[in-house]
Structures are given as C-alpha cells and as structure tokens.
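J.: Please find protein26.txt (compact mmCIF, C-alpha atoms) on the next line:
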# COMPACT_ATOMS: atom_id res chain seq x y z
CA MET A 1416 -4.16 19.57 -27.81
CA ASN A 1417 -5.20 19.76 -24.14
CA HIS A 1418 -8.39 17.89 -23.30
CA GLN A 1419 -8.83 19.21 -19.77
CA PRO A 1420 -12.57 19.52 -19.08
CA GLY A 1421 -14.29 22.87 -18.89
CA PRO A 1422 -17.15 23.80 -16.59
CA GLU A 1423 -19.68 22.21 -18.94
CA VAL A 1424 -18.40 18.77 -17.92
CA GLY A 1425 -20.18 17.42 -14.84
CA VAL A 1426 -18.34 17.47 -11.53
CA LEU A 1427 -18.40 13.67 -11.24
CA ARG A 1428 -16.62 13.28 -14.57
CA ARG A 1429 -14.06 15.92 -13.63
CA GLU A 1430 -13.60 14.49 -10.15
CA PRO A 1431 -14.63 10.80 -10.33
CA TYR A 1432 -13.26 10.13 -6.85
CA ARG A 1433 -16.23 12.06 -5.43
CA LEU A 1434 -18.46 9.17 -6.46
CA LEU A 1435 -16.13 6.19 -6.27
CA PHE A 1436 -14.45 6.76 -2.90
CA PRO A 1437 -17.75 6.80 -0.94
CA ILE A 1438 -18.79 3.63 -2.78
CA GLY A 1439 -15.52 2.05 -1.67
CA ILE A 1440 -16.14 3.00 1.97
CA LEU A 1441 -19.64 1.52 1.80
CA LEU A 1442 -18.33 -1.73 0.32
CA THR A 1443 -15.58 -2.12 2.91
CA TRP A 1444 -18.28 -1.92 5.59
CA CYS A 1445 -20.14 -4.70 3.77
CA GLY A 1446 -17.01 -6.83 3.78
CA VAL A 1447 -15.85 -6.26 7.37
CA LEU A 1448 -19.02 -5.67 9.42
CA PRO A 1449 -19.89 -9.41 9.66
CA TRP A 1450 -16.78 -10.10 11.74
CA LEU A 1451 -17.82 -7.43 14.24
CA THR A 1452 -21.42 -8.62 14.51
CA ASN A 1453 -20.22 -12.19 14.90
CA ALA A 1454 -17.92 -11.27 17.79
CA VAL A 1455 -20.38 -9.01 19.61
CA TRP A 1456 -23.77 -10.60 18.99
CA GLY A 1457 -22.90 -14.06 17.72
CA VAL A 1458 -24.44 -13.39 14.32
CA PRO A 1459 -23.13 -16.06 11.93
CA ALA A 1460 -20.24 -14.67 9.91
CA TRP A 1461 -20.67 -14.44 6.17
CA PRO A 1462 -18.49 -16.68 4.00
CA ALA A 1463 -14.81 -15.77 3.79
CA ILE A 1464 -15.09 -15.56 0.00
CA PHE A 1465 -17.57 -12.71 0.40
CA HIS A 1466 -15.18 -10.87 2.70
CA SER A 1467 -12.22 -11.19 0.35
CA ILE A 1468 -14.13 -10.27 -2.82
CA ALA A 1469 -15.93 -7.34 -1.19
CA GLN A 1470 -12.61 -6.01 0.08
CA VAL A 1471 -10.53 -6.49 -3.07
CA GLU A 1472 -13.00 -6.19 -5.95
CA GLY A 1473 -15.30 -3.82 -4.08
CA PHE A 1474 -13.46 -1.52 -1.66
CA LEU A 1475 -9.95 -1.51 -3.14
CA ALA A 1476 -11.19 -1.54 -6.74
CA SER A 1477 -13.46 1.48 -6.16
CA PHE A 1478 -10.58 3.53 -4.80
CA VAL A 1479 -8.24 2.37 -7.57
CA VAL A 1480 -10.69 3.27 -10.33
CA GLY A 1481 -11.57 6.57 -8.66
CA PHE A 1482 -7.91 7.49 -8.34
CA LEU A 1483 -6.90 6.51 -11.88
CA PHE A 1484 -9.99 8.10 -13.45
CA THR A 1485 -9.04 11.33 -11.67
CA MET A 1486 -5.25 11.30 -11.94
CA ILE A 1487 -4.57 10.02 -15.46
CA PRO A 1488 -6.53 12.73 -17.36
CA ARG A 1489 -4.99 15.49 -15.21
CA ARG A 1490 -1.44 14.26 -15.68
CA THR A 1491 -1.72 13.57 -19.41
CA GLY A 1492 -4.04 16.44 -20.33
CA THR A 1493 -6.49 14.01 -21.91
CA ALA A 1494 -10.26 13.68 -21.66
CA PRO A 1495 -11.91 12.67 -18.39
CA PRO A 1496 -13.81 9.39 -18.23
CA SER A 1497 -16.90 9.34 -20.39
CA ALA A 1498 -20.33 8.92 -18.85
CA TRP A 1499 -20.42 5.21 -19.69
CA GLU A 1500 -16.92 4.62 -18.32
CA LEU A 1501 -17.85 6.33 -15.06
CA ALA A 1502 -21.14 4.42 -14.89
CA LEU A 1503 -19.40 1.05 -15.29
CA GLY A 1504 -16.55 2.02 -12.96
CA ALA A 1505 -19.03 2.92 -10.22
CA SER A 1506 -21.62 0.17 -10.72
CA MET A 1507 -19.43 -2.88 -11.26
CA PRO A 1508 -17.89 -3.00 -7.73
CA VAL A 1509 -21.41 -2.78 -6.30
CA ALA A 1510 -22.66 -5.47 -8.69
CA ILE A 1511 -19.74 -7.72 -7.74
CA THR A 1512 -20.47 -7.40 -4.02
CA VAL A 1513 -24.21 -7.94 -4.43
CA ALA A 1514 -23.69 -10.97 -6.68
CA VAL A 1515 -21.33 -12.64 -4.18
CA TRP A 1516 -23.80 -11.92 -1.37
CA TRP A 1517 -26.35 -13.98 -3.30
CA HIS A 1518 -23.73 -16.72 -3.93
CA ALA A 1519 -23.57 -15.89 -7.65
CA VAL A 1520 -19.77 -16.03 -7.75
CA ALA A 1521 -19.59 -16.64 -11.51
CA LEU A 1522 -21.77 -13.59 -12.17
CA SER A 1523 -19.62 -11.49 -9.85
CA GLN A 1524 -16.50 -12.43 -11.79
CA LEU A 1525 -18.19 -11.53 -15.06
CA ALA A 1526 -18.78 -8.06 -13.60
CA TRP A 1527 -15.14 -8.02 -12.49
CA LEU A 1528 -13.99 -8.73 -16.05
CA VAL A 1529 -16.17 -5.86 -17.29
CA LEU A 1530 -14.54 -3.56 -14.73
CA LEU A 1531 -11.02 -4.66 -15.70
CA GLY A 1532 -11.80 -4.21 -19.39
CA THR A 1533 -13.24 -0.75 -18.81
CA LEU A 1534 -10.21 0.36 -16.84
CA LEU A 1535 -7.72 -1.15 -19.30
CA GLN A 1536 -9.21 0.55 -22.37
CA PHE A 1537 -9.46 3.83 -20.45
CA LEU A 1538 -5.74 3.72 -19.69
CA VAL A 1539 -4.58 2.50 -23.10
CA ARG A 1540 -6.58 5.06 -25.05
CA ARG A 1541 -5.10 7.95 -23.07
CA ALA A 1542 -1.56 6.59 -22.97
CA ARG A 1543 -1.51 6.21 -26.77
CA ARG A 1544 -2.72 9.72 -27.60
CA ARG A 1545 -0.01 11.59 -29.47
CA ASP A 1546 -1.37 14.94 -28.27
CA ALA A 1547 -1.16 14.04 -24.57
CA ALA A 1548 0.46 16.80 -22.51
CA ARG A 1549 2.81 14.38 -20.74
CA ARG A 1550 3.99 10.85 -21.20
CA PRO A 1551 3.42 8.47 -18.29
CA PRO A 1552 6.44 7.55 -16.14
CA ASP A 1553 8.28 4.35 -17.04
CA ALA A 1554 6.94 2.65 -13.91
CA PHE A 1555 3.39 2.96 -15.21
CA VAL A 1556 3.97 -0.17 -17.32
CA TRP A 1557 3.07 -1.93 -14.05
CA ILE A 1558 -0.57 -0.86 -14.46
CA PRO A 1559 -1.35 -2.89 -17.62
CA MET A 1560 0.82 -5.72 -16.24
CA GLY A 1561 -1.28 -5.76 -13.08
CA LEU A 1562 -4.52 -5.71 -15.04
CA GLY A 1563 -3.18 -8.58 -17.13
CA MET A 1564 -2.34 -10.59 -14.00
CA ALA A 1565 -5.82 -9.97 -12.62
CA LEU A 1566 -7.44 -10.98 -15.91
CA PHE A 1567 -5.39 -14.18 -16.18
CA GLY A 1568 -6.04 -15.02 -12.53
CA THR A 1569 -9.78 -14.56 -13.03
CA LEU A 1570 -9.77 -16.87 -16.05
CA LEU A 1571 -7.80 -19.53 -14.13
CA LEU A 1572 -10.30 -19.44 -11.27
CA GLY A 1573 -13.15 -19.70 -13.74
CA LEU A 1574 -11.60 -22.74 -15.45
CA TYR A 1575 -10.44 -24.42 -12.24
CA GLY A 1576 -13.68 -26.28 -11.61
CA PRO A 1577 -14.85 -27.14 -15.15
CA LEU A 1578 -11.42 -28.45 -16.18
CA HIS A 1579 -10.78 -30.24 -12.86
CA LEU A 1580 -7.43 -28.52 -12.46
CA ASP A 1581 -5.05 -29.30 -9.63
CA GLY A 1582 -5.42 -27.20 -6.48
CA ALA A 1583 -2.15 -25.44 -7.22
CA TRP A 1584 -3.79 -23.76 -10.20
CA HIS A 1585 -6.41 -22.30 -7.88
CA VAL A 1586 -3.64 -20.90 -5.65
CA LEU A 1587 -1.95 -19.38 -8.71
CA GLY A 1588 -5.16 -17.84 -10.02
CA GLN A 1589 -6.13 -16.43 -6.64
CA GLY A 1590 -2.66 -14.95 -6.10
CA LEU A 1591 -2.58 -13.24 -9.50
CA LEU A 1592 -6.11 -11.91 -9.08
CA VAL A 1593 -6.04 -10.75 -5.47
CA GLU A 1594 -2.40 -9.69 -5.08
CA GLY A 1595 -0.98 -9.24 -8.58
CA LEU A 1596 -3.16 -6.26 -9.42
CA MET A 1597 -2.72 -4.42 -6.11
CA LEU A 1598 1.04 -5.01 -5.96
CA SER A 1599 1.44 -3.76 -9.52
CA LEU A 1600 -0.52 -0.62 -8.72
CA VAL A 1601 1.45 0.00 -5.53
CA VAL A 1602 4.86 -0.27 -7.20
CA GLY A 1603 3.78 1.30 -10.49
CA VAL A 1604 1.74 4.29 -9.33
CA GLY A 1605 3.64 4.39 -6.03
CA SER A 1606 6.91 5.05 -7.86
CA MET A 1607 5.44 8.42 -8.83
CA LEU A 1608 3.09 9.00 -5.91
CA ILE A 1609 5.18 8.09 -2.86
CA PRO A 1610 7.95 10.67 -3.50
CA LEU A 1611 5.29 13.28 -4.30
CA LEU A 1612 3.28 12.67 -1.15
CA THR A 1613 6.03 11.97 1.35
CA ARG A 1614 8.76 14.36 0.19
CA GLN A 1615 6.91 16.71 -2.19
CA GLY A 1616 9.19 15.51 -4.94
CA SER A 1617 8.45 15.12 -8.62
CA SER A 1618 8.46 12.40 -11.24
CA THR A 1619 9.95 12.32 -14.72
CA ASP A 1620 8.05 11.33 -17.83
CA GLY A 1621 8.97 8.21 -19.72
CA ASP A 1622 11.42 8.71 -22.56
CA PRO A 1623 10.88 6.50 -25.61
CA GLU A 1624 14.52 7.09 -26.56
CA ARG A 1625 15.66 5.49 -23.27
CA PRO A 1626 13.80 2.17 -22.95
CA GLY A 1627 16.16 0.77 -20.31
CA PRO A 1628 14.22 1.80 -17.17
CA ARG A 1629 10.95 0.60 -18.68
CA ARG A 1630 12.49 -2.76 -19.52
CA LEU A 1631 13.74 -3.16 -15.95
CA HIS A 1632 10.19 -2.62 -14.70
CA LEU A 1633 8.97 -5.22 -17.19
CA VAL A 1634 11.54 -7.72 -15.90
CA ALA A 1635 10.52 -7.00 -12.31
CA GLY A 1636 6.87 -7.51 -13.25
CA ALA A 1637 7.69 -10.86 -14.82
CA LEU A 1638 9.56 -11.91 -11.67
CA LEU A 1639 6.57 -10.90 -9.56
CA ALA A 1640 4.28 -13.06 -11.68
CA VAL A 1641 6.74 -15.96 -11.44
CA SER A 1642 6.70 -15.66 -7.64
CA PHE A 1643 3.03 -16.64 -7.62
CA ALA A 1644 3.79 -19.73 -9.70
CA ILE A 1645 6.63 -20.68 -7.35
CA GLN A 1646 4.33 -20.25 -4.36
CA ALA A 1647 1.69 -22.46 -5.98
CA PHE A 1648 3.83 -25.22 -7.52
CA VAL A 1649 7.21 -25.24 -5.75
CA ASP A 1650 7.41 -23.75 -2.26
CA SER A 1651 5.12 -21.24 -0.57
CA ALA A 1652 7.83 -19.68 1.62
CA PHE A 1653 10.18 -19.21 -1.34
CA GLY A 1654 7.41 -17.59 -3.37
CA HIS A 1655 6.59 -15.14 -0.56
CA GLY A 1656 10.27 -14.36 -0.04
CA MET A 1657 10.83 -13.72 -3.73
CA ARG A 1658 7.84 -11.36 -3.75
CA ALA A 1659 9.27 -9.47 -0.76
CA VAL A 1660 12.58 -8.96 -2.56
CA VAL A 1661 11.01 -7.83 -5.85
CA VAL A 1662 8.65 -5.33 -4.22
CA ALA A 1663 11.34 -4.01 -1.87
CA LEU A 1664 13.80 -3.47 -4.73
CA VAL A 1665 11.31 -1.58 -6.88
CA LEU A 1666 10.02 0.59 -4.04
CA THR A 1667 13.50 1.47 -2.80
CA THR A 1668 14.93 2.27 -6.23
CA SER A 1669 11.91 3.89 -7.90
CA ALA A 1670 9.90 5.25 -4.97
CA GLY A 1671 12.82 5.98 -2.64
CA ILE A 1672 11.21 4.56 0.48
CA LEU A 1673 14.62 4.42 2.18
CA ARG A 1674 14.19 8.16 2.66
CA THR A 1675 11.89 9.14 5.51
CA PRO A 1676 9.00 11.55 4.87
CA THR A 1677 9.85 15.23 5.06
CA ALA A 1678 6.51 16.79 4.07
CA PRO A 1679 4.13 17.70 6.91
CA GLY A 1680 0.99 15.64 7.41
CA LEU A 1681 0.46 12.39 9.30
CA HIS A 1682 -1.32 10.73 6.39
CA ARG A 1683 1.90 11.07 4.37
CA ARG A 1684 3.74 9.02 6.98
CA LEU A 1685 0.98 6.44 6.78
CA VAL A 1686 1.67 6.12 3.03
CA TRP A 1687 5.36 5.55 3.76
CA LEU A 1688 4.65 2.97 6.49
CA ALA A 1689 2.20 1.18 4.18
CA ALA A 1690 4.88 0.96 1.50
CA TRP A 1691 7.22 -0.74 3.97
CA ALA A 1692 4.47 -2.99 5.34
CA ILE A 1693 4.10 -4.80 2.02
CA PRO A 1694 7.62 -6.28 1.62
CA THR A 1695 7.79 -6.71 5.43
CA GLY A 1696 4.59 -8.75 5.41
CA TYR A 1697 5.81 -11.01 2.64
CA ALA A 1698 9.12 -11.48 4.46
CA LEU A 1699 7.18 -12.52 7.58
CA ALA A 1700 5.14 -14.98 5.50
CA ALA A 1701 8.40 -16.49 4.23
CA LEU A 1702 10.01 -16.65 7.69
CA LEU A 1703 6.89 -18.08 9.37
CA PRO A 1704 5.78 -20.76 6.89
CA ALA A 1705 3.54 -22.44 9.48
CA THR A 1706 1.47 -19.26 9.87
CA PRO A 1707 1.89 -17.22 6.67
CA GLN A 1708 -1.47 -15.56 7.40
CA ILE A 1709 0.27 -13.25 9.89
CA GLY A 1710 2.50 -11.77 7.21
CA ARG A 1711 -0.24 -11.71 4.61
CA HIS A 1712 -2.51 -9.68 6.87
CA VAL A 1713 0.34 -7.22 7.34
CA VAL A 1714 0.36 -6.90 3.53
CA PHE A 1715 -3.39 -6.52 3.12
CA LEU A 1716 -4.30 -4.46 6.17
CA GLY A 1717 -1.03 -2.64 6.91
CA GLY A 1718 -0.12 -2.27 3.25
CA PHE A 1719 -3.03 -2.15 0.83
CA ALA A 1720 -5.74 -0.80 3.15
CA TRP A 1721 -3.52 1.78 4.88
CA MET A 1722 -2.19 3.10 1.57
CA THR A 1723 -5.64 3.17 -0.02
CA LEU A 1724 -7.16 5.21 2.79
CA ALA A 1725 -4.17 7.56 3.10
CA VAL A 1726 -3.89 8.26 -0.63
CA GLY A 1727 -7.67 8.57 -0.93
CA LEU A 1728 -7.71 11.13 1.86
CA HIS A 1729 -4.92 13.15 0.22
CA VAL A 1730 -6.71 13.16 -3.14
CA THR A 1731 -10.00 14.22 -1.56
CA LEU A 1732 -8.50 17.11 0.39
CA ALA A 1733 -6.13 18.26 -2.35
CA HIS A 1734 -8.70 18.23 -5.13
CA GLY A 1735 -11.23 19.85 -2.80
CA GLY A 1736 -8.95 22.84 -2.41
CA ARG A 1737 -8.06 22.09 1.22
CA GLN A 1738 -4.31 22.41 0.99
CA ASP A 1739 -4.38 23.79 4.52
CA LEU A 1740 -5.45 20.36 5.79
CA VAL A 1741 -3.11 18.46 3.46
CA HIS A 1742 -0.14 19.88 5.33
CA ARG A 1743 -1.52 19.26 8.82
CA SER A 1744 -2.46 16.31 11.05
CA PRO A 1745 -5.99 17.08 12.29
CA TRP A 1746 -7.53 14.99 15.05
CA PRO A 1747 -9.57 12.72 12.72
CA VAL A 1748 -6.35 11.73 10.95
CA ARG A 1749 -4.60 10.98 14.24
CA ILE A 1750 -7.55 8.88 15.38
CA MET A 1751 -7.66 7.07 12.04
CA VAL A 1752 -3.97 6.18 12.18
CA ALA A 1753 -4.20 4.98 15.79
CA LEU A 1754 -7.23 2.81 15.05
CA LEU A 1755 -5.62 1.30 11.96
CA ALA A 1756 -2.53 0.41 14.01
CA LEU A 1757 -4.72 -1.23 16.69
CA ALA A 1758 -6.61 -3.15 14.01
CA LEU A 1759 -3.36 -4.53 12.62
CA VAL A 1760 -2.13 -5.61 16.07
CA ALA A 1761 -5.45 -7.26 16.93
CA ARG A 1762 -5.52 -9.07 13.59
CA GLY A 1763 -2.04 -10.44 14.27
CA LEU A 1764 -3.13 -11.72 17.69
CA VAL A 1765 -5.75 -13.90 16.01
CA HIS A 1766 -3.02 -16.45 15.28
CA ALA A 1767 -0.99 -15.82 18.44
CA ASP A 1768 -4.01 -16.38 20.70
CA PRO A 1769 -6.33 -18.75 18.79
CA LEU A 1770 -8.49 -19.47 21.85
CA ARG A 1771 -9.77 -15.90 21.65
CA MET A 1772 -9.78 -15.76 17.86
CA ARG A 1773 -13.38 -14.59 17.60
CA TRP A 1774 -12.77 -11.64 19.93
CA TRP A 1775 -9.53 -10.56 18.32
CA ILE A 1776 -11.19 -10.59 14.91
CA GLY A 1777 -14.04 -8.55 16.34
CA ILE A 1778 -11.66 -6.00 17.85
CA ALA A 1779 -9.72 -5.74 14.59
CA ALA A 1780 -12.94 -5.27 12.62
CA GLY A 1781 -14.29 -2.69 15.06
CA CYS A 1782 -11.07 -0.65 15.02
CA TYR A 1783 -10.88 -0.77 11.24
CA LEU A 1784 -14.48 0.32 10.73
CA ALA A 1785 -14.08 3.11 13.29
CA ALA A 1786 -10.99 4.24 11.36
CA THR A 1787 -13.07 4.49 8.18
CA LEU A 1788 -15.54 6.71 10.05
CA ALA A 1789 -12.66 9.00 11.03
CA TRP A 1790 -11.66 8.97 7.35
CA VAL A 1791 -15.18 10.07 6.38
CA VAL A 1792 -15.12 12.91 8.93
CA MET A 1793 -11.83 14.19 7.54
CA ALA A 1794 -12.65 13.63 3.87
CA ALA A 1795 -15.91 15.54 4.26
CA ALA A 1796 -13.87 18.75 4.36
CA GLY A 1797 -12.79 18.12 0.78
CA TYR A 1798 -16.37 17.57 -0.36
CA ARG A 1799 -17.73 20.84 1.01
CA ARG A 1800 -16.06 23.03 -1.59
CA PRO A 1801 -16.34 21.39 -5.03
CA GLU A 1802 -14.02 23.15 -7.44
CA ARG A 1803 -15.21 24.26 -10.88
CA PRO A 1804 -12.02 25.23 -12.74
CA ALA A 1805 -12.29 27.36 -15.82
CA ALA A 1806 -11.90 25.75 -19.22
CA GLY A 1807 -8.27 24.95 -20.02
CA THR A 1808 -7.13 25.03 -16.40
CA ARG A 1809 -6.26 22.16 -14.14
CA GLY A 1810 -7.52 23.58 -10.88
CA PRO A 1811 -6.28 22.37 -7.50
CA GLY A 1812 -5.48 18.73 -7.29
CA LEU A 1813 -3.05 16.01 -6.43
CA LEU A 1814 -0.43 17.17 -8.91
CA ARG A 1815 -0.73 20.82 -7.89
CA VAL A 1816 0.26 20.46 -4.25
CA ALA A 1817 3.81 19.26 -4.75
CA GLY A 1818 5.24 22.54 -3.49
CA PRO A 1819 5.01 24.01 0.01
Re-express the file's structure as structure tokens.
T.:
Amino acid sequence: MNHQPGPEVGVLRREPYRLLFPIGILLTWCGVLPWLTNAVWGVPAWPAIFHSIAQVEGFLASFVVGFLFTMIPRRTGTAPPSAWELALGASMPVAITVAVWWHAVALSQLAWLVLLGTLLQFLVRRARRRDAARRPPDAFVWIPMGLGMALFGTLLLGLYGPLHLDGAWHVLGQGLLVEGLMLSLVVGVGSMLIPLLTRQGSSTDGDPERPGPRRLHLVAGALLAVSFAIQAFVDSAFGHGMRAVVVALVLTTSAGILRTPTAPGLHRRLVWLAAWAIPTGYALAALLPATPQIGRHVVFLGGFAWMTLAVGLHVTLAHGGRQDLVHRSPWPVRIMVALLALALVARGLVHADPLRMRWWIGIAAGCYLAATLAWVVMAAAGYRRPERPAAGTRGPGLLRVAGP
C-alpha cells in the first residue's frame, strides 16, 4: 500500500524542509554571528560551547531532520511525518539553542535526546513497514548507527561530571556526539545521494537475501566508532588517521567519489568537494598533530557545512519544481561557493597567523554568513511555487530529477 500524501495533507507535512531549512539558517546565524561582531565591534564573543551546539544540534540537525523527513517517505512510499513529529523536529533545535544561550546545558541535551528519539522512531517505523514501496539501500544502516553514536555520546557527556570520569571520556563522548552522527549520515545517505546529485545515477535497494554489503557497512561503522576511542585513549593522530581511511573507503566504494561530477550545476560540484574535504581534513589532523584544528575545520566547514548547504539547496529547488535552476549555476550559487571557499581559507589562517586570529575569525564568519544569504536568495526560487501533487502521486522532488 502506498502512503504518499494527498492534497488534504498540509504542505509542511508533505515538504518538511520548507519549515526546517529556514530554521537551520536562522540557527547558524545565532552560532556564527558572535565571531563577526567580536572582530568588528569588539563585542565579547559568546562561549565556544554555544557556537558548537548551535551549529551541530541547531543548524546541521535542522537540515538533517528536514531532509530525512522529506526524503524517507518519498523513497519508501510511507506516510509523511505526523504533526507531532514535525512539531518536535522543528522546535527541539530551537529549544536546544535557546537553552544553551541561557547556560542551561543539561536542559539543552535533554531536548537533544528528544530530537534523536523522535528521528530514530520515525526512521525505524518506516523502514520496518512490510508494505513500503522500496527497501532502503544497504548503506542506510549508517543512519541508526549514527543516531546510536550520538545518543551514547550524549549520555557520556551527561555522566562525565557526576561520575568524575577521566577527561578522555569527555573527548570520546564529544567525538561520538558531534562527529559520529554527521559522519554516519554523510557516508550512509551520501552513498545514495552523491551519485544521484553529481552524476545523475541511481541507487539499488537493499536485498535481505544478500546481507554481505550491509554487514560490510556495519563493520565500517564499528571501526568509525573505535576511531573515537583510539583518539581519546591511545593517540589522537592515529584516531584521526583511522577515521580518514574509513570514511575515504566507504565514500569511494559506495558513493564513487573517485568519479568527477558529470551533471550540470555548480552546487553538485560543491557536494563532491565536500565529500572529499571530510577524509582530507582528518588526514590533515593526523599529519599535523600539533594543530589538528586546521584539519578539523576542513571537516566541519569544508565538509559538513558545504554539503549541508549544497544538498539543502538542491532539495529546495527540486521539490519546488525548479528543475531549470537545478541544472544551472546561477549567480547566487557562484557567489555562495566563492564565499564558502574564502571562509575556509580564512578559518585556516587563524592558526597560521595567530597574531591576527580575531580578524581571520571575523573574516571567516562574515564570508560564511554572506554565503548563507546567497543561499537564501537562491532557495527562495523553490519556495515561490509550492507543489500540491494529486493523491497517489509523488510530484517533483529529489528522486524525480535523476534524469536530464
């Protein structure tokens, strides 16, 4: 039975990204703006913990939830998110950011657990439906693994203080929470999405009669989790290097990133570059153990943020019926890509030129925020024509623009 929504279902339930992507843009401004105001006007910068949580559990989480809430029902032919799932998915990132702003870190992490739980049950319920139109690809086992890493990391951070754990446990918990989830999503969803976006390819459904590929992904996920423990308890450089190898192997074998993009559209090339930036950043962190922050910022800014904005833009335009823009490189996209590249360079110079650290951080923040404005200008084209597909149809969307 196909559960695709008819016109009686509200547009925000059919297209959850319409609500969640703008929330993500707002939250990334909350997380980055302090560095710009500090550099330009000397306004005291907000705590680094606010920046990291607003970026990961606010900005990135909003885009992740918006994408999965939109993509999973369309691919599997199952029901869209319910009203309560959408309400929690949209409100929890905001609640997290507000709570951290008021120094209520414990409360923010409670909201984070609610968000993880909501997303996990949403995915499990749809993956287990026997009447789903399609089975998820084998690589999608990374999604629950990533949610599990984030959940375990959150619990470790919550127990770190009360149980007086060694500092290495804090490093482990932070790594699993901040990086484990995003890396799992990149390699899991990216195994399907990167070929589709960059080469207009296709993905195969998982076959329960052939568990081998799924087991290989499970082994790779276990090795990724182990890399965080090695970084925390054994050697930081070895842990980063191991992570680089695991991510590179999965992305080259499953996502085919050794092949250059062939589909038109500059944002598609940004997706491909972001995929390479992640293992490259971890390799830099391993090769430069005295300043691993350089490589890690390549991962977060050049990898996670670039891919999030590029994929989010593609989803917005494709689902908004603007296939004409999907296959082009309009001026806002060119400006966005240029500004994101400048932001990455400036952020790297923070450690190369520490005497001007404040200014380099300000330049990086300004370029990044300006890039998000270019994103908004371009994405607005996809919001002007909301689609109302007839009952039983899929309408235009991410999975309908694979052909020319």
J.: Restricting the calculation to all atoms listed in the file, which member of A:Pro1431, A:Pro1747, A:Gly1532, A:Gly1656 is positioned closest to Leu1483 of chain A?
T.: A:Pro1431
J.: Please provide as a list in words all residues within 6 Å of segment 1567-1575 of chain A, with the sequence filter that same-chain residues fewer than 6 positions apart are discarded (counting only C-alpha atoms).
T.: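 Once the nearby chain positions are removed, what remains is His1585, Gly1588, Leu1591 and Leu1592 of chain A.
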J.: So which one's closest to Pro1559 of chain A, A:His1655, A:His1632, A:Arg1625, A:Arg1683? Using only C-alpha atoms, please.
T.: A:His1632
J.: In Å, with one decimal, what is the gap from atom CA of Tyr1697 of chain A to atom CA of Gly1718 of chain A?
T.: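 Distance between the two atoms: 10.6 Å.
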J.: Kindly indicate which residue among A:Val1634, A:Val1471, A:Leu1525, A:Ala1519 lies nearest to Leu1596 of chain A, using all atoms listed in the file for the distances.
T.: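 Answer, going by the shortest atom-to-atom distance: A:Val1471.
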J.: Within 10 Å of (5.0, -17.6, 7.4), only C-alpha atoms: residues as an MDAnalysis selection string?
T.: chainID A and resid 1651:1652 1655:1656 1696:1711
J.: Determine, counting only C-alpha atoms, which protein, DNA and RNA residues have an atom within 6 Å of an atom of Ala1647 of chain A; residues of the same chain fewer than 3 positions away are not included. Present the result as JSON, numbers by chain.
T.: {"A": [1583, 1586, 1587, 1644]}
J.: With only C-alpha atoms as the atoms that count, which of A:Gly1439, A:Gly1457, A:Gly1576, A:Pro1694 lies nearest to Leu1724 of chain A?
T.: A:Gly1439
J.: Separation of atom CA of Val1509 of chain A and atom CA of Gly1473 of chain A, in Å?
T.: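 If I compute the distance from atom CA of Val1509 of chain A to atom CA of Gly1473 of chain A, I get 6.6 Å.
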J.: Please report the interatomic distance between atom CA of Phe1648 of chain A and atom CA of Leu1664 of chain A in Å with one decimal.
T.: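 Spanning atom CA of Phe1648 of chain A to atom CA of Leu1664 of chain A is a straight-line distance of 24.1 Å.
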J.: From the list A:His1518, A:His1682, A:Arg1799, A:His1742, which residue is nearest Leu1755 of chain A when using all atoms listed in the file?
T.: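 Nearest to Leu1755 of chain A: A:His1682.
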J.: So, counting all atoms listed in the file, which residue among A:Ala1463, A:Val1602, A:Val1730, A:Val1641 is closest to Trp1691 of chain A?
T.: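 For Trp1691 of chain A, the nearest of the given residues is A:Val1602.
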J.: With a distance cut-off of 12 Å and all atoms listed in the file, select the neighbouring residues of Gly1636 of chain A, excluding the residue or stretch itself and same-chain residues fewer than 5 positions from it, and output the selection as a PyMOL selection string.
T.: chain A and resi 1554-1564+1591+1595-1596+1598-1600+1602-1603+1629-1631+1641-1643+1658+1661-1662+1664-1665
J.: For the selection just defined, write its residues with C-alpha atoms to a file, as a JSON list (two decimals), in the frame of the given file.
T.:
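Result saved to part33.json:
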[["chain", "number", "residue", "atom", "x", "y", "z"],
["A", 1554, "ALA", "CA", 6.94, 2.65, -13.91],
["A", 1555, "PHE", "CA", 3.39, 2.96, -15.21],
["A", 1556, "VAL", "CA", 3.97, -0.17, -17.32],
["A", 1557, "TRP", "CA", 3.07, -1.93, -14.05],
["A", 1558, "ILE", "CA", -0.57, -0.86, -14.46],
["A", 1559, "PRO", "CA", -1.35, -2.89, -17.62],
["A", 1560, "MET", "CA", 0.82, -5.72, -16.24],
["A", 1561, "GLY", "CA", -1.28, -5.76, -13.08],
["A", 1562, "LEU", "CA", -4.52, -5.71, -15.04],
["A", 1563, "GLY", "CA", -3.18, -8.58, -17.13],
["A", 1564, "MET", "CA", -2.34, -10.59, -14.00],
["A", 1591, "LEU", "CA", -2.58, -13.24, -9.50],
["A", 1595, "GLY", "CA", -0.98, -9.24, -8.58],
["A", 1596, "LEU", "CA", -3.16, -6.26, -9.42],
["A", 1598, "LEU", "CA", 1.04, -5.01, -5.96],
["A", 1599, "SER", "CA", 1.44, -3.76, -9.52],
["A", 1600, "LEU", "CA", -0.52, -0.62, -8.72],
["A", 1602, "VAL", "CA", 4.86, -0.27, -7.20],
["A", 1603, "GLY", "CA", 3.78, 1.30, -10.49],
["A", 1629, "ARG", "CA", 10.95, 0.60, -18.68],
["A", 1630, "ARG", "CA", 12.49, -2.76, -19.52],
["A", 1631, "LEU", "CA", 13.74, -3.16, -15.95],
["A", 1641, "VAL", "CA", 6.74, -15.96, -11.44],
["A", 1642, "SER", "CA", 6.70, -15.66, -7.64],
["A", 1643, "PHE", "CA", 3.03, -16.64, -7.62],
["A", 1658, "ARG", "CA", 7.84, -11.36, -3.75],
["A", 1661, "VAL", "CA", 11.01, -7.83, -5.85],
["A", 1662, "VAL", "CA", 8.65, -5.33, -4.22],
["A", 1664, "LEU", "CA", 13.80, -3.47, -4.73],
["A", 1665, "VAL", "CA", 11.31, -1.58, -6.88]]
J.: Which residues, written as a PyMOL selection string, have at least one atom at most 6 Å from segment 1669-1676 of chain A, with only C-alpha atoms counted and residues fewer than 5 positions away on the same chain left out?
T.: chain A and resi 1606+1609-1610+1613-1614
J.: Return as AutoDock Vina command-line options the centre and edge lengths, in Å with one decimal, of the box along x, y and z that encloses every atom of segment 1432-1439 of chain A in the file, padded by 5 Å per side.
T.:
--center_x -16.0 --center_y 7.1 --center_z -3.9 --size_x 15.5 --size_y 20.0 --size_z 15.9
